[in-house]
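Take a look at the structure below.
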Amino acid sequence: MSDARSEVGSPTRLTVLAGPTAVGKGAVTSWLRENHPEIWISVSATTRKQRPGEVDGVHYHFVDDARFDAMVASDDLLEWAVVHKQARYGTPRGPVLEALAEGRPALLEIDLQGARQVRERMPEARFVFLAPPSWEELVRRLVGRGTEDEAERERRLETARAELAAEPEFDAVVVNHTIPAAAEELIELMRS
Ligand code: 5GP
């Protein structure tokens with residue numbers, strides 16, 4: 001491909017991918033990062049602890065509370081939210097605007113609260129809901145990931161129930177049967 005603009009939709013339209021906990025949003029974006037470098041993917045700031053294998057500046061900008069406070073105070077974040085009542089996550093605004101100004105197809109992978117804030121501020125963005133094949137499958141994926149303790153899993157399931165109910169708010173739904181298929185479907189939407 002010689003020009004991403006001609007390949008992937010409008011040069012200025014942002015795509016927001018949201019969906020319930022453990023549905024595989026992170027896996028879909030990782031797959032896109034590896035297989036579709038023409039797509040610009042926002043790197044969020046977060047106050048949560050870095051997990052093994054995560055790279056600062058690639059998966060997240062890992063920041064402390066004071067730094068996050070400063071970003072909020074100076075209105076550096078397009079949106080931000082406390083996720084799972086645990087940590088703060090936010091989208092640095094500048095890089096998003098730069099990517100859009102360059103005409104790059106741009107993607108945010110954020111939680112539902114963040115998606116709603118982006119809709120307030122950028123209603124022209126495209127909102128895509130990543131859905132699990134079923135509730136049972138979502139629970140299986142949540143438990144299977146094994147990175148959370150019992151209490152944390154319960155908290156996340158509670159959040160996921162509320163998040164699933166938000167599906168009708170979105171412009172499009174992609175069901176995550178497999179990561180590559182869901183990622184390709186998302187790209188098709190970004191091209192449409
Ligand atoms: P994790 O800690 O497992 O990487 O992510 C937890 C949740 O935070 C996921 O649902 C993810 O979509 C969400 N998240 C990641 N970055 C952002 C962000 O910048 N803003 C918001 N609102 N949510 C985010």
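To be explicit about the labels: the chains of the structure tokens are called A, B, and onward in the order shown, and within each one the residues are counted from 1, while ligands get numbers from 1 in the order they are shown.
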*Enumerate as a PyMOL selection string the residues within 9 Å of ligand 1, counting only C-alpha atoms and all ligand atoms.*
chain A and resi 17-23+25-26+42-46+48-51+59-60+77-84+87-92+108-117
Restricted to C-alpha atoms, what would the selected residues look like written as a JSON list (two decimals), in the first residue's frame?
[["chain", "number", "residue", "atom", "x", "y", "z"],
["A", 17, "LEU", "CA", -13.07, 0.67, 19.97],
["A", 18, "ALA", "CA", -14.76, -0.18, 23.25],
["A", 19, "GLY", "CA", -16.40, -3.24, 24.75],
["A", 20, "PRO", "CA", -16.60, -5.24, 27.95],
["A", 21, "THR", "CA", -13.71, -6.33, 30.09],
["A", 22, "ALA", "CA", -11.68, -9.27, 28.72],
["A", 23, "VAL", "CA", -13.51, -9.32, 25.40],
["A", 25, "LYS", "CA", -9.83, -5.30, 22.85],
["A", 26, "GLY", "CA", -6.16, -5.32, 23.80],
["A", 42, "SER", "CA", -3.22, 5.81, 20.68],
["A", 43, "VAL", "CA", -0.99, 5.02, 23.67],
["A", 44, "SER", "CA", -2.93, 5.74, 26.86],
["A", 45, "ALA", "CA", -1.55, 7.08, 30.10],
["A", 46, "THR", "CA", -2.36, 4.98, 33.15],
["A", 48, "ARG", "CA", -1.88, 1.15, 37.07],
["A", 49, "LYS", "CA", 1.24, -0.95, 37.61],
["A", 50, "GLN", "CA", 3.16, -2.20, 34.62],
["A", 51, "ARG", "CA", 2.62, -5.93, 33.95],
["A", 59, "HIS", "CA", 1.49, -0.43, 25.59],
["A", 60, "TYR", "CA", 0.89, 2.46, 27.96],
["A", 77, "LEU", "CA", -6.36, 14.31, 28.00],
["A", 78, "LEU", "CA", -9.10, 13.88, 25.42],
["A", 79, "GLU", "CA", -10.88, 11.64, 27.91],
["A", 80, "TRP", "CA", -10.01, 9.84, 31.10],
["A", 81, "ALA", "CA", -11.69, 7.46, 33.54],
["A", 82, "VAL", "CA", -11.17, 5.34, 36.62],
["A", 83, "VAL", "CA", -11.45, 1.77, 35.33],
["A", 84, "HIS", "CA", -12.49, -1.17, 37.55],
["A", 87, "ALA", "CA", -6.58, 2.97, 38.32],
["A", 88, "ARG", "CA", -6.91, 5.97, 36.04],
["A", 89, "TYR", "CA", -6.53, 5.68, 32.28],
["A", 90, "GLY", "CA", -6.58, 8.52, 29.77],
["A", 91, "THR", "CA", -5.96, 9.37, 26.13],
["A", 92, "PRO", "CA", -3.35, 12.08, 25.51],
["A", 108, "LEU", "CA", -8.50, 4.52, 20.40],
["A", 109, "GLU", "CA", -9.00, 1.39, 22.50],
["A", 110, "ILE", "CA", -10.69, 2.61, 25.65],
["A", 111, "ASP", "CA", -13.41, 1.73, 28.14],
["A", 112, "LEU", "CA", -17.06, 2.68, 27.85],
["A", 113, "GLN", "CA", -16.86, 5.74, 30.10],
["A", 114, "GLY", "CA", -14.07, 7.07, 27.91],
["A", 115, "ALA", "CA", -15.98, 6.30, 24.70],
["A", 116, "ARG", "CA", -18.92, 8.35, 26.00],
["A", 117, "GLN", "CA", -16.63, 11.30, 26.72]]
*Do you know which residues are at most 9 Å from Thr47 (chain A) counting only C-alpha atoms, after dropping those on the same chain fewer than 5 positions away, and could you put them as a PyMOL selection string?*
chain A and resi 61-65+67-68+86-89
*Near Ile41 (chain A), within 10 Å and counting only C-alpha atoms, which residues show up once chain neighbours fewer than 5 positions away are dropped, as a list in words?*
Thr15, Thr29, Ser30, Leu32, Arg33, Val58, His59, Pro95, Val96, Ala99, Arg104, Pro105, Ala106, Leu107, Leu108 and Glu109 of chain A
Residues of the last selection are to be written out with all heavy atoms, as a compact mmCIF listing (two decimals), in the first residue's frame.
# COMPACT_ATOMS: atom_id res chain seq x y z
N THR A 15 -11.55 6.43 15.01
CA THR A 15 -12.35 5.25 15.37
C THR A 15 -12.09 4.91 16.84
O THR A 15 -10.94 4.89 17.28
CB THR A 15 -11.99 4.05 14.49
OG1 THR A 15 -12.30 4.38 13.13
CG2 THR A 15 -12.79 2.81 14.88
N THR A 29 -6.08 -4.90 19.28
CA THR A 29 -5.21 -3.76 18.96
C THR A 29 -3.76 -4.22 18.82
O THR A 29 -3.03 -3.71 17.97
CB THR A 29 -5.33 -2.62 19.97
OG1 THR A 29 -5.47 -3.15 21.27
CG2 THR A 29 -6.50 -1.75 19.70
N SER A 30 -3.32 -5.20 19.63
CA SER A 30 -1.95 -5.71 19.47
C SER A 30 -1.76 -6.32 18.08
O SER A 30 -0.74 -6.13 17.44
CB SER A 30 -1.65 -6.80 20.49
OG SER A 30 -1.60 -6.26 21.75
N LEU A 32 -3.41 -5.57 15.41
CA LEU A 32 -3.37 -4.47 14.42
C LEU A 32 -2.00 -3.79 14.43
O LEU A 32 -1.46 -3.45 13.38
CB LEU A 32 -4.44 -3.43 14.73
CG LEU A 32 -5.87 -3.82 14.37
CD1 LEU A 32 -6.83 -2.74 14.86
CD2 LEU A 32 -6.03 -4.01 12.87
N ARG A 33 -1.44 -3.61 15.64
CA ARG A 33 -0.14 -2.94 15.75
C ARG A 33 0.92 -3.70 14.96
O ARG A 33 1.77 -3.13 14.30
CB ARG A 33 0.24 -2.85 17.23
CG ARG A 33 1.27 -1.78 17.55
CD ARG A 33 1.59 -1.71 19.03
NE ARG A 33 0.58 -1.01 19.78
CZ ARG A 33 -0.10 -1.53 20.81
NH1 ARG A 33 0.14 -2.76 21.21
NH2 ARG A 33 -1.01 -0.83 21.44
N VAL A 58 4.91 2.00 24.82
CA VAL A 58 4.38 1.19 23.71
C VAL A 58 2.96 0.74 24.05
O VAL A 58 2.01 1.01 23.32
CB VAL A 58 5.27 -0.04 23.44
CG1 VAL A 58 4.63 -0.96 22.39
CG2 VAL A 58 6.66 0.40 22.99
N HIS A 59 2.82 0.04 25.19
CA HIS A 59 1.49 -0.43 25.59
C HIS A 59 0.74 0.66 26.35
O HIS A 59 -0.46 0.84 26.16
CB HIS A 59 1.62 -1.70 26.43
CG HIS A 59 2.26 -2.83 25.64
ND1 HIS A 59 3.60 -3.10 25.71
CD2 HIS A 59 1.73 -3.67 24.74
CE1 HIS A 59 3.87 -4.10 24.89
NE2 HIS A 59 2.76 -4.46 24.29
N PRO A 95 -1.32 13.77 20.58
CA PRO A 95 -0.98 12.79 19.55
C PRO A 95 -2.17 12.38 18.68
O PRO A 95 -2.01 12.12 17.49
CB PRO A 95 -0.48 11.59 20.37
CG PRO A 95 -0.01 12.17 21.66
CD PRO A 95 -0.92 13.35 21.93
N VAL A 96 -3.38 12.36 19.27
CA VAL A 96 -4.57 12.02 18.47
C VAL A 96 -4.80 13.09 17.41
O VAL A 96 -4.99 12.78 16.22
CB VAL A 96 -5.84 11.92 19.36
CG1 VAL A 96 -7.08 11.69 18.51
CG2 VAL A 96 -5.69 10.80 20.39
N ALA A 99 -2.17 12.85 14.66
CA ALA A 99 -2.40 11.72 13.74
C ALA A 99 -3.52 12.06 12.76
O ALA A 99 -3.41 11.81 11.55
CB ALA A 99 -2.73 10.45 14.52
N ARG A 104 -3.84 10.19 9.13
CA ARG A 104 -3.65 8.76 9.43
C ARG A 104 -4.93 8.17 9.99
O ARG A 104 -5.62 8.82 10.79
CB ARG A 104 -2.52 8.58 10.44
CG ARG A 104 -1.18 9.00 9.89
CD ARG A 104 -0.07 8.56 10.81
NE ARG A 104 0.05 7.10 10.83
CZ ARG A 104 0.93 6.45 11.59
NH1 ARG A 104 1.72 7.09 12.39
NH2 ARG A 104 0.98 5.13 11.55
N PRO A 105 -5.27 6.94 9.59
CA PRO A 105 -6.40 6.28 10.23
C PRO A 105 -6.04 6.04 11.70
O PRO A 105 -4.99 5.45 11.99
CB PRO A 105 -6.56 4.97 9.47
CG PRO A 105 -5.28 4.76 8.74
CD PRO A 105 -4.59 6.09 8.61
N ALA A 106 -6.86 6.52 12.61
CA ALA A 106 -6.49 6.53 14.02
C ALA A 106 -7.50 5.76 14.86
O ALA A 106 -8.70 5.81 14.61
CB ALA A 106 -6.39 7.97 14.52
N LEU A 107 -6.96 5.05 15.84
CA LEU A 107 -7.79 4.17 16.67
C LEU A 107 -7.52 4.40 18.16
O LEU A 107 -6.37 4.47 18.58
CB LEU A 107 -7.46 2.71 16.32
CG LEU A 107 -8.24 1.62 17.05
CD1 LEU A 107 -9.70 1.60 16.61
CD2 LEU A 107 -7.61 0.26 16.81
N LEU A 108 -8.60 4.51 18.93
CA LEU A 108 -8.50 4.52 20.40
C LEU A 108 -9.11 3.23 20.90
O LEU A 108 -10.21 2.87 20.48
CB LEU A 108 -9.31 5.65 21.02
CG LEU A 108 -9.12 7.09 20.59
CD1 LEU A 108 -9.95 7.99 21.51
CD2 LEU A 108 -7.67 7.47 20.64
N GLU A 109 -8.43 2.57 21.83
CA GLU A 109 -9.00 1.39 22.50
C GLU A 109 -9.19 1.77 23.95
O GLU A 109 -8.21 1.89 24.70
CB GLU A 109 -8.06 0.19 22.33
CG GLU A 109 -8.61 -1.09 22.91
CD GLU A 109 -7.96 -1.44 24.23
OE1 GLU A 109 -6.79 -1.83 24.24
OE2 GLU A 109 -8.67 -1.31 25.26
*Based on DSSP run over this structure's backbone, return all residues of region 16-180 of chain A in helix (DSSP H, G or I), as a PyMOL selection string.*
chain A and resi 25-35+65-73+93-101+112-121+135-145+150-164+167-169+179-180
Extract, using only C-alpha atoms, all DNA, RNA and protein residues at most 12 Å from Arg140 (chain A), discarding same-chain residues fewer than 3 positions from it, and format them as a tab-separated table (two decimals) with N, CA, C and O atoms, in the first residue's frame.
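Output contents, as saved in result_32.tsv:
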chain	number	residue	atom	x	y	z
A	21	THR	N	-14.94	-5.78	29.55
A	21	THR	CA	-13.71	-6.33	30.09
A	21	THR	C	-13.41	-7.71	29.51
A	21	THR	O	-14.31	-8.55	29.42
A	22	ALA	N	-12.17	-7.95	29.14
A	22	ALA	CA	-11.68	-9.27	28.72
A	22	ALA	C	-12.27	-9.76	27.41
A	22	ALA	O	-12.08	-10.92	27.04
A	23	VAL	N	-12.95	-8.87	26.68
A	23	VAL	CA	-13.51	-9.32	25.40
A	23	VAL	C	-12.40	-9.50	24.36
A	23	VAL	O	-12.56	-10.21	23.38
A	24	GLY	N	-11.25	-8.85	24.63
A	24	GLY	CA	-10.13	-9.00	23.70
A	24	GLY	C	-9.76	-7.72	22.96
A	24	GLY	O	-9.09	-7.77	21.94
A	132	PRO	N	-18.44	-10.12	22.85
A	132	PRO	CA	-18.04	-11.53	22.96
A	132	PRO	C	-19.06	-12.39	22.21
A	132	PRO	O	-20.21	-11.97	22.03
A	133	PRO	N	-18.69	-13.61	21.80
A	133	PRO	CA	-19.66	-14.49	21.15
A	133	PRO	C	-20.83	-14.81	22.09
A	133	PRO	O	-21.95	-15.02	21.64
A	134	SER	N	-20.57	-14.85	23.41
A	134	SER	CA	-21.64	-15.10	24.39
A	134	SER	C	-21.14	-14.65	25.77
A	134	SER	O	-19.93	-14.44	25.96
A	135	TRP	N	-22.07	-14.55	26.71
A	135	TRP	CA	-21.68	-14.19	28.08
A	135	TRP	C	-20.77	-15.26	28.68
A	135	TRP	O	-19.76	-14.96	29.32
A	136	GLU	N	-21.11	-16.54	28.41
A	136	GLU	CA	-20.30	-17.65	28.95
A	136	GLU	C	-18.86	-17.57	28.45
A	136	GLU	O	-17.91	-17.80	29.19
A	137	GLU	N	-18.73	-17.21	27.18
A	137	GLU	CA	-17.39	-17.11	26.61
A	137	GLU	C	-16.63	-15.94	27.24
A	137	GLU	O	-15.43	-16.02	27.48
A	143	VAL	N	-11.73	-15.39	33.27
A	143	VAL	CA	-11.09	-16.27	34.24
A	143	VAL	C	-9.80	-16.83	33.64
A	143	VAL	O	-8.77	-16.92	34.32
A	144	GLY	N	-9.86	-17.15	32.36
A	144	GLY	CA	-8.71	-17.76	31.68
A	144	GLY	C	-7.48	-16.88	31.67
A	144	GLY	O	-6.37	-17.39	31.63
A	145	ARG	N	-7.70	-15.57	31.69
A	145	ARG	CA	-6.55	-14.67	31.62
A	145	ARG	C	-5.67	-14.79	32.86
A	145	ARG	O	-4.46	-14.64	32.78
A	146	GLY	N	-6.32	-15.05	34.00
A	146	GLY	CA	-5.57	-15.39	35.21
A	146	GLY	C	-4.66	-14.31	35.76
A	146	GLY	O	-3.78	-14.59	36.56
A	153	ARG	N	-11.65	-10.21	39.84
A	153	ARG	CA	-12.48	-10.82	38.78
A	153	ARG	C	-13.94	-10.46	38.96
A	153	ARG	O	-14.63	-10.12	38.02
A	157	LEU	N	-16.32	-8.55	36.37
A	157	LEU	CA	-17.58	-9.12	35.84
A	157	LEU	C	-18.73	-8.14	36.01
A	157	LEU	O	-19.57	-7.98	35.12
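Near region 173-176 of chain A, within a cut-off of 9 Å and counting only C-alpha atoms, sit the residues Val23, Gly24, Lys25, Val28, Phe127, Val128, Phe129, Leu130, Ala131, Pro132, Pro133, Glu167, Pro168, Phe170, Ile179, Pro180, Ala181, Ala182, Ala183, Glu185 and Leu186 of chain A, with same-chain residues fewer than 3 positions away left out.
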Grab the residues selected above and save them as a CSV table (one decimal), in the first residue's frame with C-alpha atoms.
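Okay, selection-v8.csv is ready:
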chain,number,residue,atom,x,y,z
A,23,VAL,CA,-13.5,-9.3,25.4
A,24,GLY,CA,-10.1,-9.0,23.7
A,25,LYS,CA,-9.8,-5.3,22.9
A,28,VAL,CA,-7.2,-7.0,18.7
A,127,PHE,CA,-17.8,4.1,17.6
A,128,VAL,CA,-17.3,0.3,17.4
A,129,PHE,CA,-18.4,-2.1,20.1
A,130,LEU,CA,-16.3,-5.3,20.4
A,131,ALA,CA,-18.7,-8.0,21.7
A,132,PRO,CA,-18.0,-11.5,23.0
A,133,PRO,CA,-19.7,-14.5,21.2
A,167,GLU,CA,-24.0,-2.1,22.8
A,168,PRO,CA,-26.9,-0.1,21.3
A,170,PHE,CA,-22.5,2.2,19.2
A,179,ILE,CA,-8.6,-12.0,17.0
A,180,PRO,CA,-7.5,-11.8,13.3
A,181,ALA,CA,-11.1,-12.0,12.0
A,182,ALA,CA,-12.3,-9.3,14.4
A,183,ALA,CA,-9.3,-7.1,13.6
A,185,GLU,CA,-13.6,-6.6,10.3
A,186,LEU,CA,-12.6,-3.5,12.3
_For the structure I just gave you, how does DSSP split chain A - specifically, which residues are strand (DSSP E)? Reply as a VMD selection string._
chain A and resid 14 to 18 40 to 41 45 to 46 61 to 62 77 to 83 87 to 92 106 to 109 126 to 131 172 to 175
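You can rank A:Glu38, A:Glu188, A:Glu54, A:Glu150 by their closest distance to Ala172 (chain A) using only C-alpha atoms, and at the top of that list sits A:Glu188.
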